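Here is the structure we will look at, set down as structure tokens.
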Amino acid sequence: MTLEVTHLTGGYSQVNTIKDLNFTVPSGSLTALIGLNGSGKTTTINHVIGLMTAKSGTISFDGLDSQKEAIQYQNSLAYIPELPVIYDDLTLREHIQTTISAYHLDAQKAEQEAERLLTIFRLSDKQDWFPIDFSKGMRQKVMIVTAFLADKPLLVIDEPFIGLDPLAVADLIELLQEKKAAGKTILMSTHVIEEAEQFVDDFLLIDQGKIRVQGKLKDIFKAFPKQKNINEIYFRLAKEVEHE
Ligand SMILES: Nc1ncnc2c1ncn2[C@@H]1O[C@H](COP(=O)(O)OP(=O)(O)OP(=O)(O)O)[C@@H](O)[C@H]1O
């Protein structure tokens with residue numbers, strides 16, 4: 001089940017924010033969108049989840065066209081947004097229950113899986129809490145747990161590590177590896193790059209809406225031979241923007 005993005009161009013107004021993006025994410029692998037703030041990572045993700053319509057180009061998953069077969073396409077994916085979207089009037093337990101009924105999951109199996117995920121993220125004793133008492137990291141964990149619970153073949157994740165403590169970062173990395181091993185297709189944007197190397201199959205360095213380099217971290221370093229680390233590469237990209 002492959003995600004295929006072909007000649008994708010799009011944006012918010014007349015201006016094209018992302019330009020002629022081409023990439024594929026095969027089943028059982030994870031592609032990470034990286035790049036400076038404002039480079040176009042979230043915009044790309046918004047097109048992939050169907051929140052924005054492409055000006056040109058196509059997006060498909062497992063042969064389903066994101067426009068022509070929008071309902072089936074969207075039924076194949078689960079999305080974790082950059083900013084958690086949770087319901088103030090629902091407890092954590094009710095968030096889980098809502099996910100189970102919204103996705104028509106097998107209740108017994110899903111409750112067991114929810115228990116496992118909540119234990120991993122150290123939330124199992126907080127199931128009767130309301131969001132007003134959640135920390136930023138806890139809100140993020142609720143989004144992660146509910147998205148993973150939905151158990152869709154395509155996972156689209158916009159910078160999941162923000163606000164997570166180092167234990168939760170390690171737990172999430174382990175879960176992402178588990179999902180890859182289970183054959184899921186994963187597209188993720190992130191600013192966590194050094195740690196990402198251990199579970200990312202393909203990096204897409206986005207620069208001003210275009211793919212600047214695609215490959216392993218070593219391919220990115222090869223493209224910037226004078227820069228010693230990823231920070232230096234980002235400084236160089238920022239300087240190029242200033243000089244344009
Ligand atoms: N709702 C919007 N309306 C108009 N322009 C937008 C909107 N959201 C983002 N943009 C613009 O689109 C460009 C790409 O933004 P995008 O959010 O895709 O960047 P990003 O790579 O995800 O950045 P970050 O690392 O800060 O999350 C930026 O120039 C930004 O100003």
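So you can find residues: chains in the structure tokens are A, B, ... in the order shown, residues in each start at 1, and ligands are numbered from 1 in order.
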
Ligand 1: which residues are within 12 Å, counting only C-alpha atoms and all ligand atoms, as JSON, numbers by chain?
{"A": [10, 11, 12, 13, 14, 15, 16, 17, 18, 19, 32, 33, 34, 35, 36, 37, 38, 39, 40, 41, 42, 43, 44, 45, 46, 47, 51, 52, 81, 82, 83, 157, 158, 159, 160, 162, 188, 189, 190, 191, 192, 204, 205, 206, 207, 208, 209, 210, 211, 234, 241]}

Now that the selection is made, can you save its residues with C-alpha atoms as a PDB file, in the first residue's frame?
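Done, and the output landed in out.pdb:
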```pdb
ATOM      1  CA  GLY A  10      -0.535  23.837  -4.168  1.00  0.00           C
ATOM      2  CA  GLY A  11      -0.922  26.683  -1.728  1.00  0.00           C
ATOM      3  CA  TYR A  12      -3.271  28.989   0.101  1.00  0.00           C
ATOM      4  CA  SER A  13      -3.791  31.693  -2.540  1.00  0.00           C
ATOM      5  CA  GLN A  14      -2.428  32.540  -5.971  1.00  0.00           C
ATOM      6  CA  VAL A  15       1.078  31.885  -4.683  1.00  0.00           C
ATOM      7  CA  ASN A  16       2.264  28.277  -4.889  1.00  0.00           C
ATOM      8  CA  THR A  17       3.542  27.266  -1.465  1.00  0.00           C
ATOM      9  CA  ILE A  18       4.592  23.788  -2.585  1.00  0.00           C
ATOM     10  CA  LYS A  19       5.907  23.211  -6.073  1.00  0.00           C
ATOM     11  CA  ALA A  32      10.121  12.344   7.075  1.00  0.00           C
ATOM     12  CA  LEU A  33       9.529  15.866   5.778  1.00  0.00           C
ATOM     13  CA  ILE A  34      12.194  18.157   7.196  1.00  0.00           C
ATOM     14  CA  GLY A  35      13.079  21.797   6.560  1.00  0.00           C
ATOM     15  CA  LEU A  36      13.018  25.320   7.951  1.00  0.00           C
ATOM     16  CA  ASN A  37       9.886  26.873   9.476  1.00  0.00           C
ATOM     17  CA  GLY A  38       7.618  27.906   6.634  1.00  0.00           C
ATOM     18  CA  SER A  39       9.284  25.629   4.067  1.00  0.00           C
ATOM     19  CA  GLY A  40       6.011  23.816   3.269  1.00  0.00           C
ATOM     20  CA  LYS A  41       5.901  20.663   5.431  1.00  0.00           C
ATOM     21  CA  THR A  42       2.453  21.259   6.961  1.00  0.00           C
ATOM     22  CA  THR A  43       1.111  22.466   3.605  1.00  0.00           C
ATOM     23  CA  THR A  44       2.242  19.183   2.039  1.00  0.00           C
ATOM     24  CA  ILE A  45       0.580  17.253   4.858  1.00  0.00           C
ATOM     25  CA  ASN A  46      -2.633  19.300   4.495  1.00  0.00           C
ATOM     26  CA  HIS A  47      -2.794  18.223   0.841  1.00  0.00           C
ATOM     27  CA  LEU A  51      -7.668  19.374   3.869  1.00  0.00           C
ATOM     28  CA  MET A  52      -6.352  21.331   0.863  1.00  0.00           C
ATOM     29  CA  PRO A  81      -2.028  17.218  13.834  1.00  0.00           C
ATOM     30  CA  GLU A  82       0.758  19.536  14.982  1.00  0.00           C
ATOM     31  CA  LEU A  83      -1.570  21.141  17.529  1.00  0.00           C
ATOM     32  CA  ILE A 157       1.838  12.821  11.433  1.00  0.00           C
ATOM     33  CA  ASP A 158       2.694  16.517  11.706  1.00  0.00           C
ATOM     34  CA  GLU A 159       5.644  17.028  14.091  1.00  0.00           C
ATOM     35  CA  PRO A 160       4.656  14.611  16.841  1.00  0.00           C
ATOM     36  CA  ILE A 162       6.876  18.744  20.330  1.00  0.00           C
ATOM     37  CA  MET A 188       5.726  12.521   9.147  1.00  0.00           C
ATOM     38  CA  SER A 189       7.085  16.043   9.441  1.00  0.00           C
ATOM     39  CA  THR A 190       9.664  16.676  12.111  1.00  0.00           C
ATOM     40  CA  HIS A 191      12.321  18.987  13.492  1.00  0.00           C
ATOM     41  CA  VAL A 192      13.851  16.068  15.431  1.00  0.00           C
ATOM     42  CA  LEU A 204      12.668  14.835   2.115  1.00  0.00           C
ATOM     43  CA  LEU A 205      14.437  18.122   2.762  1.00  0.00           C
ATOM     44  CA  ILE A 206      11.858  20.740   1.764  1.00  0.00           C
ATOM     45  CA  ASP A 207      13.207  24.153   0.885  1.00  0.00           C
ATOM     46  CA  GLN A 208      10.870  26.980  -0.135  1.00  0.00           C
ATOM     47  CA  GLY A 209       8.213  24.496  -1.198  1.00  0.00           C
ATOM     48  CA  LYS A 210      10.475  22.275  -3.274  1.00  0.00           C
ATOM     49  CA  ILE A 211      12.265  19.018  -2.521  1.00  0.00           C
ATOM     50  CA  TYR A 234      19.650  24.937   8.242  1.00  0.00           C
ATOM     51  CA  VAL A 241      16.377  32.655   1.620  1.00  0.00           C
TER      52      VAL A 241
END
```

Pull the closest atom pair for each residue of segment 94-140 of chain A that gets at most 12 Å from segment 170-174 of chain A, along with the distance in Å to one decimal, counting only C-alpha atoms, ordering rows by chain and then ascending residue number, as a Markdown table.
```
| residue | atom | partner | partner_atom | distance |
| --- | --- | --- | --- | --- |
| A:Leu117 | CA | A:Asp171 | CA | 9.8 |
| A:Leu118 | CA | A:Asp171 | CA | 11.2 |
| A:Thr119 | CA | A:Asp171 | CA | 10.6 |
| A:Ile120 | CA | A:Asp171 | CA | 6.9 |
| A:Phe121 | CA | A:Asp171 | CA | 7.2 |
| A:Arg122 | CA | A:Asp171 | CA | 10.2 |
| A:Gln140 | CA | A:Leu172 | CA | 11.1 |
```

Straight-line distance linking atom CA of Gln97 of chain A with atom CA of Asn75 of chain A, stated in Å to one decimal
18.6 Å

Could you pull the residues within 9 Å of Phe61 of chain A, counting only C-alpha atoms, minus those fewer than 2 positions along the same chain, as a ChimeraX atom specification?
/A:1-5,59,63-66,73,76,154

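Considering only C-alpha atoms, the residue among A:Phe199, A:Lys239, A:Lys216, A:Ala181 positioned nearest to Gly28 of chain A is A:Ala181.
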
Need to verify the contact set: Val142 of chain A, 10 Å, only C-alpha atoms, exclusion of same-chain residues closer than 5 positions in sequence. Can you return it as a PyMOL selection string?
chain A and resi 80+84-86+92+95-96+117-118+121+123+131+134+137+147-148

DSSP says strand (DSSP E or B) for which residues of segment 102-214 of chain A? Put them as a PDB file with N, CA and C atoms, in the first residue's frame?
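That gives us result-v8.pdb:
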```pdb
ATOM      1  N   LEU A 154      -2.564   4.054   6.499  1.00  0.00           N
ATOM      2  CA  LEU A 154      -1.727   5.236   6.242  1.00  0.00           C
ATOM      3  C   LEU A 154      -1.766   6.163   7.455  1.00  0.00           C
ATOM      4  N   LEU A 155      -0.583   6.464   7.998  1.00  0.00           N
ATOM      5  CA  LEU A 155      -0.487   7.376   9.149  1.00  0.00           C
ATOM      6  C   LEU A 155       0.200   8.658   8.695  1.00  0.00           C
ATOM      7  N   VAL A 156      -0.456   9.799   8.926  1.00  0.00           N
ATOM      8  CA  VAL A 156       0.132  11.080   8.546  1.00  0.00           C
ATOM      9  C   VAL A 156       0.295  11.893   9.826  1.00  0.00           C
ATOM     10  N   ILE A 157       1.540  12.262  10.114  1.00  0.00           N
ATOM     11  CA  ILE A 157       1.838  12.821  11.433  1.00  0.00           C
ATOM     12  C   ILE A 157       2.610  14.130  11.280  1.00  0.00           C
ATOM     13  N   ASP A 158       2.042  15.206  11.815  1.00  0.00           N
ATOM     14  CA  ASP A 158       2.694  16.517  11.706  1.00  0.00           C
ATOM     15  C   ASP A 158       3.441  16.804  13.010  1.00  0.00           C
ATOM     16  N   THR A 185       2.076   2.565   6.300  1.00  0.00           N
ATOM     17  CA  THR A 185       2.764   3.563   5.485  1.00  0.00           C
ATOM     18  C   THR A 185       2.730   4.859   6.291  1.00  0.00           C
ATOM     19  N   ILE A 186       3.897   5.471   6.530  1.00  0.00           N
ATOM     20  CA  ILE A 186       3.917   6.622   7.444  1.00  0.00           C
ATOM     21  C   ILE A 186       4.612   7.826   6.798  1.00  0.00           C
ATOM     22  N   LEU A 187       3.898   8.961   6.816  1.00  0.00           N
ATOM     23  CA  LEU A 187       4.478  10.238   6.383  1.00  0.00           C
ATOM     24  C   LEU A 187       4.460  11.160   7.590  1.00  0.00           C
ATOM     25  N   MET A 188       5.634  11.731   7.927  1.00  0.00           N
ATOM     26  CA  MET A 188       5.726  12.521   9.147  1.00  0.00           C
ATOM     27  C   MET A 188       6.586  13.758   8.898  1.00  0.00           C
ATOM     28  N   SER A 189       6.179  14.895   9.477  1.00  0.00           N
ATOM     29  CA  SER A 189       7.085  16.043   9.441  1.00  0.00           C
ATOM     30  C   SER A 189       7.758  16.128  10.792  1.00  0.00           C
ATOM     31  N   ASP A 202      13.370   7.460   4.577  1.00  0.00           N
ATOM     32  CA  ASP A 202      13.648   8.421   3.520  1.00  0.00           C
ATOM     33  C   ASP A 202      13.385   9.822   4.070  1.00  0.00           C
ATOM     34  N   PHE A 203      14.358  10.713   3.924  1.00  0.00           N
ATOM     35  CA  PHE A 203      14.138  12.108   4.312  1.00  0.00           C
ATOM     36  C   PHE A 203      13.822  12.919   3.054  1.00  0.00           C
ATOM     37  N   LEU A 204      12.889  13.861   3.191  1.00  0.00           N
ATOM     38  CA  LEU A 204      12.668  14.835   2.115  1.00  0.00           C
ATOM     39  C   LEU A 204      12.999  16.193   2.710  1.00  0.00           C
ATOM     40  N   LEU A 205      14.098  16.782   2.274  1.00  0.00           N
ATOM     41  CA  LEU A 205      14.437  18.122   2.762  1.00  0.00           C
ATOM     42  C   LEU A 205      13.684  19.124   1.896  1.00  0.00           C
ATOM     43  N   ILE A 206      12.689  19.779   2.507  1.00  0.00           N
ATOM     44  CA  ILE A 206      11.858  20.740   1.764  1.00  0.00           C
ATOM     45  C   ILE A 206      12.464  22.127   1.953  1.00  0.00           C
ATOM     46  N   ASP A 207      12.616  22.817   0.843  1.00  0.00           N
ATOM     47  CA  ASP A 207      13.207  24.153   0.885  1.00  0.00           C
ATOM     48  C   ASP A 207      12.373  25.056  -0.021  1.00  0.00           C
ATOM     49  N   LYS A 210       9.991  23.279  -2.315  1.00  0.00           N
ATOM     50  CA  LYS A 210      10.475  22.275  -3.274  1.00  0.00           C
ATOM     51  C   LYS A 210      11.304  21.232  -2.535  1.00  0.00           C
ATOM     52  N   ILE A 211      11.382  20.026  -3.122  1.00  0.00           N
ATOM     53  CA  ILE A 211      12.265  19.018  -2.521  1.00  0.00           C
ATOM     54  C   ILE A 211      13.691  19.354  -2.931  1.00  0.00           C
ATOM     55  N   ARG A 212      14.500  19.663  -1.918  1.00  0.00           N
ATOM     56  CA  ARG A 212      15.897  20.029  -2.203  1.00  0.00           C
ATOM     57  C   ARG A 212      16.789  18.777  -2.248  1.00  0.00           C
ATOM     58  N   VAL A 213      16.589  17.874  -1.265  1.00  0.00           N
ATOM     59  CA  VAL A 213      17.332  16.604  -1.261  1.00  0.00           C
ATOM     60  C   VAL A 213      16.391  15.510  -0.779  1.00  0.00           C
ATOM     61  N   GLN A 214      16.524  14.339  -1.370  1.00  0.00           N
ATOM     62  CA  GLN A 214      15.727  13.182  -0.929  1.00  0.00           C
ATOM     63  C   GLN A 214      16.668  12.012  -0.723  1.00  0.00           C
TER      64      GLN A 214
END
```

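Close contacts of Gln67 of chain A, defined as residues with an atom at most 10 Å away when counting only C-alpha atoms, with chain neighbours fewer than 6 positions off set aside, comprise Gly50, Thr53, Ala54, Thr58, Ile59, Ser60, Tyr73 and Gln74 of chain A.
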
Can those selected residues be exported to a file as a short mmCIF file (atom, residue, chain, number, x, y, z; two decimals), in the first residue's frame so that it contains C-alpha atoms?
```cif
data_model
loop_
_atom_site.label_atom_id
_atom_site.label_comp_id
_atom_site.auth_asym_id
_atom_site.auth_seq_id
_atom_site.Cartn_x
_atom_site.Cartn_y
_atom_site.Cartn_z
CA GLY A 50 -7.30 16.15 1.90
CA THR A 53 -6.97 20.71 -2.83
CA ALA A 54 -4.01 20.49 -5.19
CA THR A 58 -2.15 13.89 -7.89
CA ILE A 59 -2.06 12.06 -4.59
CA SER A 60 -3.06 8.43 -4.25
CA TYR A 73 -8.96 7.53 0.39
CA GLN A 74 -9.71 9.40 3.62
#
```

Near-Leu149 of chain A list (9 Å; only C-alpha atoms; drop same-chain fewer than 2 positions) as a CSV table (one decimal) with N, CA and C atoms, in the first residue's frame:
```csv
chain,number,residue,atom,x,y,z
A,96,ILE,N,-11.3,8.0,24.1
A,96,ILE,CA,-11.1,6.6,23.6
A,96,ILE,C,-12.4,6.0,23.1
A,99,THR,N,-13.4,7.5,19.8
A,99,THR,CA,-12.6,7.0,18.7
A,99,THR,C,-13.1,5.6,18.3
A,100,ILE,N,-13.4,4.8,19.3
A,100,ILE,CA,-13.8,3.4,19.0
A,100,ILE,C,-15.2,3.5,18.2
A,105,LEU,N,-14.7,0.5,15.5
A,105,LEU,CA,-13.7,-0.6,15.8
A,105,LEU,C,-14.3,-1.7,16.7
A,110,ALA,N,-10.2,-3.1,20.6
A,110,ALA,CA,-9.8,-1.7,20.7
A,110,ALA,C,-9.5,-1.3,22.1
A,111,GLU,N,-10.4,-1.7,23.0
A,111,GLU,CA,-10.2,-1.3,24.4
A,111,GLU,C,-8.9,-1.9,25.0
A,113,GLU,N,-6.2,-2.6,23.1
A,113,GLU,CA,-5.1,-1.9,22.5
A,113,GLU,C,-5.0,-0.5,23.2
A,114,ALA,N,-6.1,0.1,23.5
A,114,ALA,CA,-6.1,1.4,24.2
A,114,ALA,C,-5.4,1.3,25.5
A,117,LEU,N,-1.7,1.1,24.9
A,117,LEU,CA,-1.1,2.4,24.5
A,117,LEU,C,-1.1,3.4,25.6
A,144,ILE,N,-1.9,11.0,19.8
A,144,ILE,CA,-1.2,9.9,19.3
A,144,ILE,C,-1.9,8.6,19.6
A,145,VAL,N,-2.4,8.4,20.8
A,145,VAL,CA,-3.1,7.2,21.2
A,145,VAL,C,-4.3,7.0,20.4
A,146,THR,N,-5.1,8.0,20.2
A,146,THR,CA,-6.4,7.9,19.4
A,146,THR,C,-6.1,7.6,17.9
A,147,ALA,N,-5.1,8.3,17.4
A,147,ALA,CA,-4.7,8.0,16.0
A,147,ALA,C,-4.2,6.6,15.8
A,151,ASP,N,-6.0,2.5,13.8
A,151,ASP,CA,-5.4,1.4,13.1
A,151,ASP,C,-5.6,1.5,11.5
A,152,LYS,N,-5.3,2.6,11.0
A,152,LYS,CA,-5.5,2.8,9.5
A,152,LYS,C,-4.1,2.4,8.8
```
